[in-house]
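Have a look at the structure below before the remarks.
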Amino acid sequence: MTTVDPGTTPETIGPAELDPDADSGPLARERDFRVVGQSPAHHDFVNKVRGTLLYAADWSLPGMVHGKVVRSDAGPAKIVSIDTSAAERLEGVVAVLTAADVPHNAIVEHASGGLGELTVEQPVLAVDRVRYVGEPVAVVAATDPEIAAEAADLVEVVYEPLPGVYSPEDALAEDAPLVHEEGNVLVNWRLERGDLDAAFAEADVVVEDTYRSQHVEHAYLETEAGVGWIENDVVTLRISTQVIEHAVEIASILGLPQNQVRVIASYMGGGFGGKEDMTVEPYIALLVWRTRRPVRMVWSRQESILASTKRHPFTMHYRTAATKEGKLLAVDADIVGDAGAYPCLSARVLFAGAALSTGPYKVPVVRARSRAVFTNNVPTSAFRGFGAMQVVFAYESQLDALAAKLGLSREEVRDRNHIEKGDLTAAGEPVTTAVAVRDTRRAALEMLGEPSRPSGPHTVIGRGFGSSMQPYGRTIWFRDHASAWVTLQADGTLLIRSGVTDLGAGQAASLCQIASEILGVPLADISVYIGDTALNPPAGGTFATRQLYMSGNAILRAARKLRDQLSPVAAKALGVGEDQLVWIDGMVRTEDGDTGLSLPELVRAATDAGVDTSVLNTWRARSGGFDPKEGQGHTFPDYTFGTHAAEVEVDLETGDVRLLKYAACHDVGRAINPVRVQGQIIGGAAQGIGYALMEDCATDAGRPLSSLFADYLIPSSMDLPDIGVAVVESGEGRGPLNARGVGEPPIGPPAATIASAVEDAIGIRPTELPITAERVMALLDQRARTDAGRGDRA
């Protein structure tokens, strides 16, 4: 991994200058980092390599039964009847539940504030109709998984087909069948600044096109899974989930007080947003409450691909106006997202698409409209990049088209339009941290090295790049907060408690590293307890690249408060001023290093002095408001900027696109753990490459055509070159110690980057994803017809 110096250091720009809400305390003693910036092998590394880390499906309990969801094989359709008698008679079946057995059969996603937003309930189990193939209609429990599966097959459901809509375009038609009685448009968002008509009228050049993305499966290593039981009359679930706060919704479904539901998150084998909505939780909880027995449920891979939420397909129509020098004047973007059959998080995803529709570029005049539209497809919801990544394909394609039309290089057009610190976003709010896009582009392009030679007479080489601007943290009108609890134990070890859930990216380990840096406790002496609604202070879910930003800041403040709390005790014992203390290697030493206290000695002294050795801290993120009618206001706390570059070889006879070289660079503010940062960038880039070239949840009238990895293609090691990684550390993030979020940003640029390289190779731009061999051949045919037409005119 290469580190790039962007020319701006934390010594020249302090956190108070970046953000008036940031911690403005002196950082001088924390700039000489000893633990932050290193890549130690944390507990999760070690346990994963040993194979000792327990995932949700690894847990079992005495007397456990196994749950299975009965899913519709039709949709949309009216439910004429459900007959469970044959399933109930099967030996070993413990329970068969339908909608009538659910105390409160509704999941309601609370409104996000968009124009005309609908409030639509999603049933836990379908009542009188199903809206998509795979919708849950019943749930069974049996003494072993095979009996549960057989019982599910024995539940007889009679359906009466209903007319459906399977694309947003069809759903928007005046005479379209209604997916919900309330209407087919879940939400409208509008961002507007300046006089659009005037800007286009004065433009020297206008480029216009439509770009399309596809349904994509999360394809995590670990499918949805969990166990549940009753303990002290509390429904307790140990689940693979990104959000333990779903305990509140589960309590509502069961009709229980909130203190009678406990959710414990296991370490996850991936989530990528697919475990942000509830998956197995309500079904396990219902069966546990009904049977009073422990229940285990694990979705098969086929079930996971069939019925889990997907990435939103976007249709993005863009018009871009510019001067003949390549300066942007205006962007007019119309974005339509397929929400599928239920709201889930579509309102928020489509807001991100609108808010980031102009990317990392200065655009004086903006009109961005985005709509989430119901269809009879599987519901779509959170997925790494969360709406801000689909639009990268569109806005980067537009800039490449603008460069071609003006006869300028792609780099020139970007350099004349890159957003700078202090410039306004599409929503009219200033960017208040560093924008190192040029540095990331330079590093990514340099990593490609010398161009490759074609491997044969019918192949051509192309190169391209794409830049992105990805938010981290929730939209700030949610007034987000996270809490953390740190305790220095009598033996000098440190205990951290946080409600954070760990997706596999080291969310828990990063908290240890930050606390170790501030308090000087060796990492080996720190234990972290996470993801338990009964024992941990709330941290909010692990999504929106928010946990380092939120829980990292909560831990940083908690550790500083504990240090400040104990410093007078240490200073008195050592006979020095508090500003002369250094916390390092399990000791509090004087600056000269001559004397010091061990942490156990400090705890004893604090106890004798009546000073608490524990701190509970709640950190609150920036707050603000967005006016949906004016289309302006506050959106996200901050952004991570980056650029990817690629070299491809295209076979002109088959249309096959082979990725030869790939490089990725992001400004991460400060790398808390460089190896984990590198892993996130490589993983996000690989996932984005799959999105660009091969992944597609194809359907036929809403019926999935791919529900196994045999026919749902994801990239393997054979499809990927070694991905080069460079990191910029501007020291200007809003995360702890000026870090930026890096979980989502690397998935944004790949599609635009590869499309740019393919266009460089064949002379025509892909506008639809994925960029398959068939679509490349169609582009080559289109180019040939265009060339022939030019020849006829000549």
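Just remember, in the structure tokens the first chain shown is A, the second B, etc., residues are 1-based per chain, and ligands are 1-based in the order shown.
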
Show me, as an mmCIF file with N, CA and C atoms, in the first residue's frame, the residues that have an atom within 6 Å of range 213-227 of chain A when counting only C-alpha atoms, minus same-chain residues fewer than 5 positions from it.
```cif
data_model
loop_
_atom_site.group_PDB
_atom_site.id
_atom_site.type_symbol
_atom_site.label_atom_id
_atom_site.label_comp_id
_atom_site.auth_asym_id
_atom_site.auth_seq_id
_atom_site.Cartn_x
_atom_site.Cartn_y
_atom_site.Cartn_z
ATOM 1 N N ALA A 56 -23.176 -16.554 13.693
ATOM 2 C CA ALA A 56 -24.538 -16.798 14.182
ATOM 3 C C ALA A 56 -24.971 -18.248 13.995
ATOM 4 N N ALA A 57 -24.609 -18.860 12.876
ATOM 5 C CA ALA A 57 -25.037 -20.236 12.603
ATOM 6 C C ALA A 57 -24.267 -21.264 13.424
ATOM 7 N N LEU A 237 -32.292 -12.974 21.247
ATOM 8 C CA LEU A 237 -31.877 -13.404 19.914
ATOM 9 C C LEU A 237 -30.389 -13.147 19.735
ATOM 10 N N ARG A 238 -29.678 -14.156 19.250
ATOM 11 C CA ARG A 238 -28.277 -13.984 18.837
ATOM 12 C C ARG A 238 -28.268 -14.114 17.317
ATOM 13 N N ILE A 239 -28.026 -12.984 16.643
ATOM 14 C CA ILE A 239 -28.351 -12.867 15.223
ATOM 15 C C ILE A 239 -27.169 -12.288 14.451
ATOM 16 N N SER A 240 -27.090 -12.650 13.189
ATOM 17 C CA SER A 240 -26.193 -11.949 12.274
ATOM 18 C C SER A 240 -26.926 -10.708 11.788
ATOM 19 N N GLY A 269 -20.165 -12.533 8.986
ATOM 20 C CA GLY A 269 -19.389 -12.887 7.809
ATOM 21 C C GLY A 269 -19.839 -12.062 6.624
ATOM 22 N N GLY A 270 -19.918 -10.750 6.826
ATOM 23 C CA GLY A 270 -20.333 -9.830 5.779
ATOM 24 C C GLY A 270 -21.781 -9.415 5.926
ATOM 25 N N VAL A 295 -34.881 -21.692 19.223
ATOM 26 C CA VAL A 295 -35.139 -21.827 17.791
ATOM 27 C C VAL A 295 -33.898 -21.366 17.024
ATOM 28 N N ARG A 296 -33.555 -22.137 16.005
ATOM 29 C CA ARG A 296 -32.450 -21.783 15.112
ATOM 30 C C ARG A 296 -32.996 -21.652 13.700
ATOM 31 N N MET A 297 -32.533 -20.612 12.977
ATOM 32 C CA MET A 297 -32.922 -20.457 11.576
ATOM 33 C C MET A 297 -31.703 -20.026 10.777
ATOM 34 N N VAL A 298 -31.437 -20.738 9.682
ATOM 35 C CA VAL A 298 -30.345 -20.401 8.773
ATOM 36 C C VAL A 298 -30.892 -20.452 7.357
ATOM 37 N N TRP A 299 -30.816 -19.329 6.651
ATOM 38 C CA TRP A 299 -31.283 -19.329 5.273
ATOM 39 C C TRP A 299 -30.263 -19.997 4.368
ATOM 40 N N LYS A 310 -32.166 -6.226 -2.382
ATOM 41 C CA LYS A 310 -31.147 -6.053 -3.416
ATOM 42 C C LYS A 310 -30.732 -4.587 -3.525
ATOM 43 N N ARG A 311 -29.650 -4.355 -4.292
ATOM 44 C CA ARG A 311 -29.296 -2.984 -4.629
ATOM 45 C C ARG A 311 -30.319 -2.417 -5.601
ATOM 46 N N HIS A 312 -30.645 -1.128 -5.416
ATOM 47 C CA HIS A 312 -31.614 -0.469 -6.299
ATOM 48 C C HIS A 312 -31.076 -0.336 -7.725
ATOM 49 N N PRO A 313 -31.816 -0.802 -8.710
ATOM 50 C CA PRO A 313 -31.514 -0.392 -10.082
ATOM 51 C C PRO A 313 -31.902 1.082 -10.252
ATOM 52 N N PHE A 314 -31.034 1.852 -10.855
ATOM 53 C CA PHE A 314 -31.318 3.263 -11.136
ATOM 54 C C PHE A 314 -31.429 3.460 -12.650
ATOM 55 N N ASP A 696 -25.802 -9.476 -11.891
ATOM 56 C CA ASP A 696 -27.129 -9.043 -12.325
ATOM 57 C C ASP A 696 -28.160 -10.050 -11.826
ATOM 58 N N CYS A 697 -29.067 -9.592 -10.970
ATOM 59 C CA CYS A 697 -30.176 -10.444 -10.525
ATOM 60 C C CYS A 697 -31.290 -10.349 -11.561
ATOM 61 N N LEU A 769 -25.367 -1.204 -17.201
ATOM 62 C CA LEU A 769 -24.612 -2.188 -16.433
ATOM 63 C C LEU A 769 -25.410 -3.478 -16.295
#
```

Find the spatial neighbours of Val336 in chain A, counting only C-alpha atoms, within a cut-off of 7 Å - ignore same-chain residues fewer than 3 positions away - and output them as a PyMOL selection string. chain A and resi 314-316+370-372

Members of range 387-512 of chain A assigned strand (DSSP E or B) by DSSP, as number ranges by chain: A: 418, 424, 430, 459-472, 481-488, 494-498

For the structure I just gave you, how does DSSP split range 560-790 of chain A - specifically, which residues are alpha helix (DSSP H)? Reply as a ChimeraX atom specification. /A:560-574,599-609,674-693,750-762,773-790

Near-range 403-410 of chain A list (8 Å; only C-alpha atoms; drop same-chain fewer than 3 positions) as a tab-separated table (two decimals) with N, CA and C atoms, in the first residue's frame:
```
chain	number	residue	atom	x	y	z
A	205	VAL	N	-21.98	24.07	-24.98
A	205	VAL	CA	-22.11	22.65	-25.28
A	205	VAL	C	-23.01	22.00	-24.25
A	324	LYS	N	-17.27	26.42	-23.67
A	324	LYS	CA	-16.35	25.77	-24.61
A	324	LYS	C	-15.00	25.49	-23.98
A	325	GLU	N	-14.71	26.14	-22.84
A	325	GLU	CA	-13.47	25.84	-22.11
A	325	GLU	C	-13.62	24.64	-21.19
A	326	GLY	N	-14.84	24.10	-21.12
A	326	GLY	CA	-15.06	22.92	-20.29
A	326	GLY	C	-15.51	23.22	-18.88
A	399	LEU	N	-18.93	13.60	-17.82
A	399	LEU	CA	-17.71	14.40	-17.95
A	399	LEU	C	-16.80	13.84	-19.05
A	400	ASP	N	-16.75	12.52	-19.19
A	400	ASP	CA	-15.98	11.95	-20.30
A	400	ASP	C	-16.59	12.37	-21.64
A	413	VAL	N	-10.77	18.39	-18.15
A	413	VAL	CA	-12.14	18.74	-17.78
A	413	VAL	C	-12.32	18.62	-16.27
A	414	ARG	N	-11.76	17.57	-15.68
A	414	ARG	CA	-11.88	17.44	-14.22
A	414	ARG	C	-11.17	18.58	-13.51
```

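Taking only C-alpha atoms into account, Met389 in chain A lies nearest to A:Gln470 out of the set A:Gln470, A:Ser551, A:Thr753, A:Thr475.
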
So which residues touch range 741-744 of chain A within 6 Å, counting only C-alpha atoms, skipping near sequence neighbours fewer than 6 positions away, as JSON, numbers by chain? {"A": [384, 385, 472, 545, 680]}

Between CA of Ser452 in chain A and CA of Asp722 in chain A - distance in Å to one decimal: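 So the answer is 15.0 Å.
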
May I have the residues within 8 Å of Ala558 in chain A as a list in words, using only C-alpha atoms and disregarding those fewer than 4 positions away in the same chain?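 In the requested form, the answer reads Ala484, Trp485, Val486, Ala554, Leu562, Val615, Leu616 and Asn617 of chain A.
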
Selected residues, C-alpha atoms, written as a PDB file, in the first residue's frame, please.
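In the end it all went to out33.pdb:
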```
ATOM      1  CA  ALA A 484     -19.383   4.102  24.714  1.00  0.00           C
ATOM      2  CA  TRP A 485     -18.349   2.981  28.164  1.00  0.00           C
ATOM      3  CA  VAL A 486     -14.703   2.560  29.183  1.00  0.00           C
ATOM      4  CA  ALA A 554     -17.556   8.254  21.252  1.00  0.00           C
ATOM      5  CA  LEU A 562     -11.140   9.122  31.592  1.00  0.00           C
ATOM      6  CA  VAL A 615     -16.593   6.842  31.958  1.00  0.00           C
ATOM      7  CA  LEU A 616     -19.824   6.557  29.973  1.00  0.00           C
ATOM      8  CA  ASN A 617     -19.807   9.017  27.072  1.00  0.00           C
TER       9      ASN A 617
END
```

Pick from A:Val569, A:Leu713, A:Ala427, A:Met469 nearest to Gln632 in chain A, counting only C-alpha atoms: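 Comparing A:Val569, A:Leu713, A:Ala427, A:Met469 against Gln632 in chain A, the winner is A:Ala427.
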